[in-house]
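Visitor: Structure supplied as data.tsv; contents: TSV, C-alpha atoms.
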chain	number	residue	atom	x	y	z
V	1	MET	CA	-191.92	34.12	22.81
V	2	ALA	CA	-188.42	32.80	22.39
V	3	VAL	CA	-188.11	30.67	19.28
V	4	ASP	CA	-185.12	28.48	18.49
V	5	THR	CA	-184.89	28.11	14.74
V	6	GLY	CA	-181.26	27.07	14.65
V	7	ALA	CA	-182.00	23.37	15.20
V	8	LYS	CA	-184.68	23.33	12.53
V	9	GLU	CA	-182.91	24.89	9.54
V	10	GLN	CA	-183.54	21.87	7.32
V	11	ARG	CA	-187.33	22.02	7.47
V	12	ILE	CA	-188.72	21.61	3.98
V	13	LEU	CA	-191.88	20.35	2.31
V	14	SER	CA	-191.32	18.71	-1.06
V	15	LEU	CA	-194.14	17.92	-3.48
V	16	GLN	CA	-192.68	15.85	-6.31
V	17	HIS	CA	-194.92	15.47	-9.36
V	18	LEU	CA	-197.96	15.41	-7.11
V	19	GLN	CA	-201.11	14.92	-9.19
V	20	VAL	CA	-204.56	14.68	-7.64
V	21	GLU	CA	-207.25	12.98	-9.69
V	22	LYS	CA	-211.00	12.61	-9.38
V	23	GLU	CA	-212.25	9.33	-10.78
V	24	GLY	CA	-209.18	9.16	-13.02
V	25	LYS	CA	-209.47	12.75	-14.28
V	26	PRO	CA	-206.49	15.01	-13.42
V	27	LEU	CA	-207.58	17.79	-11.08
V	28	VAL	CA	-204.41	19.37	-9.66
V	29	LYS	CA	-200.75	18.93	-10.55
V	30	VAL	CA	-198.00	20.47	-8.41
V	31	SER	CA	-194.24	19.96	-8.29
V	32	THR	CA	-192.43	22.32	-5.94
V	33	GLN	CA	-190.55	22.73	-2.67
V	34	VAL	CA	-191.46	24.93	0.28
V	35	GLN	CA	-188.60	25.95	2.56
V	36	GLY	CA	-188.98	26.74	6.24
V	37	GLN	CA	-190.24	30.32	6.82
V	38	SER	CA	-191.90	30.29	3.37
V	39	VAL	CA	-195.58	30.16	2.44
V	40	LEU	CA	-196.72	28.55	-0.80
V	41	THR	CA	-200.06	30.00	-1.90
V	42	ILE	CA	-202.57	27.97	-3.92
V	43	MET	CA	-205.22	30.11	-5.61
V	44	GLY	CA	-208.13	29.36	-7.89
V	45	PRO	CA	-211.94	29.26	-8.14
V	46	SER	CA	-214.08	27.06	-5.93
V	47	GLY	CA	-214.21	23.39	-6.86
V	48	CYS	CA	-210.81	23.26	-8.54
V	49	GLY	CA	-209.03	21.17	-5.96
V	50	LYS	CA	-207.39	23.64	-3.56
V	51	THR	CA	-208.62	21.96	-0.38
V	52	THR	CA	-208.32	18.54	-2.03
V	53	LEU	CA	-204.61	19.22	-2.48
V	54	LEU	CA	-204.28	19.98	1.23
V	55	ASN	CA	-206.08	16.72	2.00
V	56	ALA	CA	-203.54	14.84	-0.11
V	57	ILE	CA	-200.64	16.48	1.73
V	58	SER	CA	-202.13	15.80	5.16
V	59	GLY	CA	-203.03	12.19	4.32
V	60	GLN	CA	-206.78	12.69	4.47
V	61	LEU	CA	-207.67	12.29	0.80
V	62	ALA	CA	-210.75	10.09	0.35
V	63	ALA	CA	-212.63	8.56	-2.58
V	64	PRO	CA	-213.40	9.47	-5.30
V	65	PHE	CA	-210.05	11.31	-5.16
V	66	THR	CA	-206.64	9.66	-5.60
V	67	PHE	CA	-203.13	10.97	-6.19
V	68	THR	CA	-199.75	10.02	-7.59
V	69	GLY	CA	-196.33	11.44	-6.85
V	70	ASP	CA	-194.42	11.88	-3.61
V	71	ILE	CA	-194.78	14.05	-0.51
V	72	SER	CA	-191.65	14.50	1.61
V	73	ILE	CA	-191.08	16.43	4.82
V	74	ASN	CA	-187.50	17.18	5.87
V	75	GLY	CA	-186.21	14.68	3.32
V	76	ARG	CA	-188.44	11.81	4.48
V	77	SER	CA	-191.29	10.55	2.33
V	78	VAL	CA	-194.63	10.64	4.16
V	79	THR	CA	-196.70	9.57	1.15
V	80	ALA	CA	-197.65	6.22	2.68
V	81	LEU	CA	-197.90	7.41	6.29
V	82	GLU	CA	-201.13	7.77	8.23
V	83	PRO	CA	-202.18	11.37	8.92
V	84	TYR	CA	-201.23	11.39	12.61
V	85	LYS	CA	-197.68	10.31	11.76
V	86	ARG	CA	-196.98	13.20	9.39
V	87	ASN	CA	-196.76	15.92	12.06
V	88	ILE	CA	-198.73	18.42	9.99
V	89	GLY	CA	-200.73	21.23	11.56
V	90	ILE	CA	-203.91	22.50	9.90
V	91	MET	CA	-205.83	25.74	10.37
V	92	PHE	CA	-209.29	26.03	8.81
V	93	GLN	CA	-211.82	28.80	8.14
V	94	ASP	CA	-213.52	27.97	11.43
V	95	ALA	CA	-211.53	27.95	14.66
V	96	LEU	CA	-212.84	24.45	15.55
V	97	LEU	CA	-211.98	24.91	19.21
V	98	PHE	CA	-213.36	22.64	21.93
V	99	GLU	CA	-216.19	24.58	23.53
V	100	HIS	CA	-216.18	22.40	26.66
V	101	MET	CA	-212.57	23.39	27.33
V	102	SER	CA	-211.03	26.66	28.44
V	103	VAL	CA	-208.60	28.58	26.25
V	104	LYS	CA	-205.62	27.12	28.12
V	105	GLU	CA	-207.03	23.59	27.93
V	106	ASN	CA	-207.53	23.92	24.16
V	107	ILE	CA	-203.88	24.83	23.66
V	108	ALA	CA	-202.61	22.22	26.12
V	109	PHE	CA	-204.53	19.53	24.27
V	110	ALA	CA	-202.18	19.88	21.30
V	111	MET	CA	-198.87	20.17	23.16
V	112	PRO	CA	-196.54	17.14	23.10
V	113	PRO	CA	-196.19	16.07	26.77
V	114	LYS	CA	-192.56	15.06	26.30
V	115	LEU	CA	-191.57	18.69	25.74
V	116	TYR	CA	-192.58	19.75	29.25
V	117	SER	CA	-191.23	18.26	32.45
V	118	THR	CA	-194.21	19.36	34.57
V	119	LYS	CA	-197.75	20.68	34.22
V	120	GLN	CA	-196.48	23.95	35.65
V	121	ALA	CA	-193.90	24.27	32.88
V	122	GLN	CA	-196.61	23.62	30.31
V	123	SER	CA	-198.91	26.18	31.91
V	124	GLN	CA	-196.16	28.81	31.92
V	125	ALA	CA	-195.46	28.14	28.25
V	126	ILE	CA	-199.14	28.68	27.41
V	127	ASP	CA	-199.24	31.91	29.41
V	128	THR	CA	-196.27	33.15	27.39
V	129	MET	CA	-197.99	32.26	24.11
V	130	LEU	CA	-201.16	34.09	25.13
V	131	GLN	CA	-199.20	37.15	26.18
V	132	GLU	CA	-197.50	37.26	22.77
V	133	VAL	CA	-200.89	37.55	21.02
V	134	SER	CA	-202.40	40.09	23.45
V	135	LEU	CA	-204.54	37.47	25.21
V	136	GLU	CA	-202.83	37.64	28.57
V	137	GLY	CA	-205.22	36.52	31.32
V	138	PHE	CA	-207.55	34.72	28.90
V	139	GLY	CA	-206.38	31.21	29.81
V	140	ASP	CA	-209.33	30.33	32.02
V	141	ARG	CA	-212.00	31.82	29.78
V	142	GLY	CA	-214.49	29.74	27.85
V	143	ILE	CA	-214.34	29.68	24.07
V	144	GLU	CA	-217.84	31.12	23.74
V	145	ALA	CA	-216.66	34.27	25.52
V	146	LEU	CA	-214.12	35.07	22.79
V	147	SER	CA	-214.59	37.20	19.70
V	148	GLY	CA	-213.94	35.79	16.24
V	149	GLY	CA	-210.47	37.32	16.12
V	150	GLN	CA	-209.59	36.01	19.56
V	151	GLN	CA	-210.73	32.53	18.58
V	152	ALA	CA	-208.59	32.71	15.44
V	153	ARG	CA	-205.52	33.54	17.53
V	154	VAL	CA	-206.20	30.70	19.96
V	155	SER	CA	-206.74	28.32	17.03
V	156	LEU	CA	-203.36	29.17	15.52
V	157	LEU	CA	-201.66	28.94	18.92
V	158	ARG	CA	-203.09	25.44	19.31
V	159	THR	CA	-201.84	24.50	15.84
V	160	LEU	CA	-198.33	25.80	16.54
V	161	ALA	CA	-198.24	24.35	20.06
V	162	ALA	CA	-198.21	20.88	18.51
V	163	GLU	CA	-194.75	21.69	17.09
V	164	PRO	CA	-195.69	20.73	13.50
V	165	ASP	CA	-193.12	20.29	10.76
V	166	VAL	CA	-195.55	21.77	8.20
V	167	VAL	CA	-198.61	24.03	8.52
V	168	LEU	CA	-201.55	23.96	6.10
V	169	LEU	CA	-203.83	27.02	6.02
V	170	ASP	CA	-207.26	26.42	4.46
V	171	GLU	CA	-208.66	29.95	3.93
V	172	PRO	CA	-208.19	30.71	7.65
V	173	PHE	CA	-208.89	34.44	7.29
V	174	SER	CA	-212.01	34.34	5.10
V	175	LYS	CA	-214.54	34.83	7.90
V	176	LEU	CA	-212.78	37.80	9.51
V	177	ASP	CA	-213.69	41.40	8.79
V	178	ALA	CA	-211.23	43.46	6.73
V	179	SER	CA	-209.31	45.18	9.54
V	180	LEU	CA	-209.06	42.06	11.68
V	181	ARG	CA	-208.17	39.96	8.65
V	182	SER	CA	-205.08	42.04	7.98
V	183	GLN	CA	-203.99	41.91	11.61
V	184	ILE	CA	-204.44	38.14	12.06
V	185	ARG	CA	-202.91	37.43	8.65
V	186	THR	CA	-199.77	39.42	9.46
V	187	TRP	CA	-199.43	37.77	12.86
V	188	THR	CA	-199.94	34.29	11.40
V	189	PHE	CA	-197.21	34.67	8.79
V	190	GLU	CA	-194.86	36.18	11.38
V	191	GLN	CA	-195.34	33.16	13.64
V	192	ILE	CA	-194.68	30.72	10.79
V	193	LYS	CA	-191.49	32.55	9.84
V	194	GLN	CA	-190.25	32.77	13.42
V	195	ARG	CA	-190.66	29.02	13.81
V	196	ASN	CA	-189.00	28.26	10.47
V	197	ILE	CA	-192.02	26.20	9.33
V	198	PRO	CA	-192.91	25.61	5.65
V	199	ALA	CA	-196.58	26.40	5.03
V	200	VAL	CA	-199.18	26.01	2.29
V	201	LEU	CA	-201.99	28.56	2.08
V	202	VAL	CA	-205.21	28.02	0.16
V	203	THR	CA	-207.06	31.25	-0.62
V	204	HIS	CA	-209.09	33.07	-3.26
V	205	ASP	CA	-207.90	36.49	-2.00
V	206	ILE	CA	-204.91	38.06	-3.77
V	207	GLU	CA	-204.19	40.19	-0.68
V	208	ASP	CA	-203.64	36.99	1.31
V	209	ALA	CA	-201.27	35.73	-1.39
V	210	ASN	CA	-199.31	38.98	-1.52
V	211	ALA	CA	-199.02	39.11	2.26
V	212	ALA	CA	-197.73	35.53	2.33
V	213	GLY	CA	-194.85	36.65	0.13
V	214	GLY	CA	-193.98	33.24	-1.29
V	215	GLU	CA	-194.58	31.31	-4.49
V	216	ILE	CA	-198.12	31.54	-5.92
V	217	ILE	CA	-199.67	28.70	-7.91
V	218	GLU	CA	-202.93	29.54	-9.68
V	219	LEU	CA	-205.20	26.64	-10.54
V	220	MET	CA	-207.26	26.75	-13.71
V	221	PRO	CA	-211.08	26.61	-13.66
V	222	CYS	CA	-212.36	23.04	-13.75
Translate this structure into structure tokens?
Guide:
Amino acid sequence: MAVDTGAKEQRILSLQHLQVEKEGKPLVKVSTQVQGQSVLTIMGPSGCGKTTLLNAISGQLAAPFTFTGDISINGRSVTALEPYKRNIGIMFQDALLFEHMSVKENIAFAMPPKLYSTKQAQSQAIDTMLQEVSLEGFGDRGIEALSGGQQARVSLLRTLAAEPDVVLLDEPFSKLDASLRSQIRTWTFEQIKQRNIPAVLVTHDIEDANAAGGEIIELMPC
């Protein structure tokens, strides 16, 4: 898949003195920048605020959690913006694909219409994406017909098809077996780097962190 990174060299996620609190008690404090092509890894035991931090970044933090600090994407503060205005893609543990849609329809659902002059152009772009992840010919298949690894690939394609400025990865490899986990993990990080997207990975697996190759922030037990 041809990827033009030249026009997107300034992509950067900036977390400035970001502190997440639960009922007034500090839970997570992060101050860092994530450049395009880089993956920031957040590690720590369950219940220490890893996913809560992602919720703050994506604009989906809910009571009893609050946060202070600033979140900027490409030099623009998004701290006060609604989630849908932040242009952030998220990949979870579960693929969360629409079972009533085909593979191609799932990917098309996320694609900005303004990027494609015709439905045919959109369809050809999806076919190219599927070919790149060894799913050529799978466009018309139902989601229930796919294996776990195939669903994971379609899920990431849908996330990237939305042309996000930032990608958040919430333990997306945890439900895959060891051999498939390594394969999907490598492919995921390659896609993020090719598209020059800054990403934040939440994981409890040191192999995920090492494969990501970026800064690692370890949260203390709560």
Visitor: Report as a tab-separated table the residues of range 96-213 of chain V within 10 Å of range 27-47 of chain V, each with its shortest atom pair and distance in Å (one decimal), using all atoms listed in the file, ordered by chain and increasing residue number.
Guide:
residue	atom	partner	partner_atom	distance
V:Asp165	CA	V:Gly36	CA	8.9
V:Val166	CA	V:Gly36	CA	8.5
V:Val167	CA	V:Val39	CA	9.2
V:Leu168	CA	V:Val39	CA	9.4
V:Leu169	CA	V:Thr41	CA	9.3
V:Asp170	CA	V:Ile42	CA	9.7
V:Phe189	CA	V:Val39	CA	8.0
V:Glu190	CA	V:Gln37	CA	8.7
V:Gln191	CA	V:Gln37	CA	9.0
V:Ile192	CA	V:Gln37	CA	6.0
V:Lys193	CA	V:Gln37	CA	4.0
V:Gln194	CA	V:Gln37	CA	7.0
V:Arg195	CA	V:Gln37	CA	7.1
V:Asn196	CA	V:Gln37	CA	4.4
V:Ile197	CA	V:Gly36	CA	4.4
V:Pro198	CA	V:Gly36	CA	4.1
V:Ala199	CA	V:Val39	CA	4.7
V:Val200	CA	V:Leu40	CA	4.7
V:Leu201	CA	V:Thr41	CA	4.7
V:Val202	CA	V:Ile42	CA	4.9
V:Thr203	CA	V:Met43	CA	5.4
V:His204	CA	V:Met43	CA	5.4
V:Asp205	CA	V:Met43	CA	7.8
V:Ile206	CA	V:Met43	CA	8.2
V:Asp208	CA	V:Thr41	CA	8.5
V:Ala209	CA	V:Thr41	CA	5.9
V:Asn210	CA	V:Thr41	CA	9.0
V:Ala211	CA	V:Val39	CA	9.6
V:Ala212	CA	V:Val39	CA	5.8
V:Gly213	CA	V:Val39	CA	6.9
Visitor: Could you write those residues out with C-alpha atoms, as a JSON list (two decimals), keeping the file's coordinate frame?
Guide:
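Full text of out_2.json as output:
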[["chain", "number", "residue", "atom", "x", "y", "z"],
["V", 165, "ASP", "CA", -193.12, 20.29, 10.76],
["V", 166, "VAL", "CA", -195.55, 21.77, 8.20],
["V", 167, "VAL", "CA", -198.61, 24.03, 8.52],
["V", 168, "LEU", "CA", -201.55, 23.96, 6.10],
["V", 169, "LEU", "CA", -203.83, 27.02, 6.02],
["V", 170, "ASP", "CA", -207.26, 26.42, 4.46],
["V", 189, "PHE", "CA", -197.21, 34.67, 8.79],
["V", 190, "GLU", "CA", -194.86, 36.18, 11.38],
["V", 191, "GLN", "CA", -195.34, 33.16, 13.64],
["V", 192, "ILE", "CA", -194.68, 30.72, 10.79],
["V", 193, "LYS", "CA", -191.49, 32.55, 9.84],
["V", 194, "GLN", "CA", -190.25, 32.77, 13.42],
["V", 195, "ARG", "CA", -190.66, 29.02, 13.81],
["V", 196, "ASN", "CA", -189.00, 28.26, 10.47],
["V", 197, "ILE", "CA", -192.02, 26.20, 9.33],
["V", 198, "PRO", "CA", -192.91, 25.61, 5.65],
["V", 199, "ALA", "CA", -196.58, 26.40, 5.03],
["V", 200, "VAL", "CA", -199.18, 26.01, 2.29],
["V", 201, "LEU", "CA", -201.99, 28.56, 2.08],
["V", 202, "VAL", "CA", -205.21, 28.02, 0.16],
["V", 203, "THR", "CA", -207.06, 31.25, -0.62],
["V", 204, "HIS", "CA", -209.09, 33.07, -3.26],
["V", 205, "ASP", "CA", -207.90, 36.49, -2.00],
["V", 206, "ILE", "CA", -204.91, 38.06, -3.77],
["V", 208, "ASP", "CA", -203.64, 36.99, 1.31],
["V", 209, "ALA", "CA", -201.27, 35.73, -1.39],
["V", 210, "ASN", "CA", -199.31, 38.98, -1.52],
["V", 211, "ALA", "CA", -199.02, 39.11, 2.26],
["V", 212, "ALA", "CA", -197.73, 35.53, 2.33],
["V", 213, "GLY", "CA", -194.85, 36.65, 0.13]]
Visitor: Set out as a Markdown table a contact list for range 35-118 of chain V and range 125-141 of chain V with a cut-off of 8 Å, giving each residue of range 35-118 of chain V that qualifies its closest atom pair and distance in Å to one decimal, counting all atoms listed in the file, ordered by chain and rising residue number.
Guide:
| residue | atom | partner | partner_atom | distance |
| --- | --- | --- | --- | --- |
| V:Ser102 | CA | V:Asp140 | CA | 5.4 |
| V:Val103 | CA | V:Gly139 | CA | 5.0 |
| V:Lys104 | CA | V:Gly139 | CA | 4.5 |
| V:Glu105 | CA | V:Gly139 | CA | 7.9 |
| V:Ile107 | CA | V:Ile126 | CA | 7.2 |
| V:Ala108 | CA | V:Ile126 | CA | 7.4 |
Visitor: For a test of reading the model, state the distance in Å between CA of Val20 in chain V and CA of Ser155 in chain V, rounded to one decimal.
Guide: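 According to the coordinates, CA of Val20 in chain V and CA of Ser155 in chain V are separated by 28.3 Å.
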Visitor: Could you check how far CA of Asp177 in chain V sits from CA of Arg153 in chain V, in Å to one decimal?
Guide: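 One can read the CA of Asp177 in chain V to CA of Arg153 in chain V distance as 14.3 Å.
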Visitor: Ranking V:Ala145, V:Leu54, V:Ile216, V:Leu61 by minimum distance to Glu171 in chain V and counting only C-alpha atoms, which one comes first?
Guide: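 When distances to Glu171 in chain V are compared using only C-alpha atoms, the smallest one comes from V:Leu54.
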Visitor: As an exercise, work out the distance from CA of Glu215 in chain V to CA of Ala178 in chain V in Å and give it to one decimal place.
Guide: 23.5 Å
Visitor: So, with only C-alpha atoms as the atoms that count, which of V:Ala110, V:Ala63, V:Met91, V:Ile12 lies closest to Ser77 in chain V?
Guide: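 Between V:Ala110, V:Ala63, V:Met91, V:Ile12, the residue approaching Ser77 in chain V most closely is V:Ile12.
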Visitor: Nearest to Glu82 in chain V: which of V:Ser123, V:Thr118, V:Asn55, V:Gln183 is it, counting all atoms listed in the file?
Guide: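 Counting all atoms listed in the file, the residue closest to Glu82 in chain V is V:Asn55.
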Visitor: Using all atoms listed in the file for the distances, tell me which of V:Ala121, V:Cys48, V:Pro83, V:Thr66 is nearest to Met220 in chain V.
Guide: V:Cys48
Visitor: Identify which of the residues V:Asn87, V:Glu99, V:Lys175, V:Lys119 lies closest to Glu163 in chain V, counting all atoms listed in the file when measuring atom-to-atom distances.
Guide: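 The answer is V:Asn87, which sits nearest to Glu163 in chain V.
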Visitor: When distances are computed from all atoms listed in the file, which of V:Thr79, V:Ser58, V:Asn74, V:Gln93 shows the smallest separation from Leu156 in chain V?
Guide: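 The answer is V:Gln93, which sits nearest to Leu156 in chain V.
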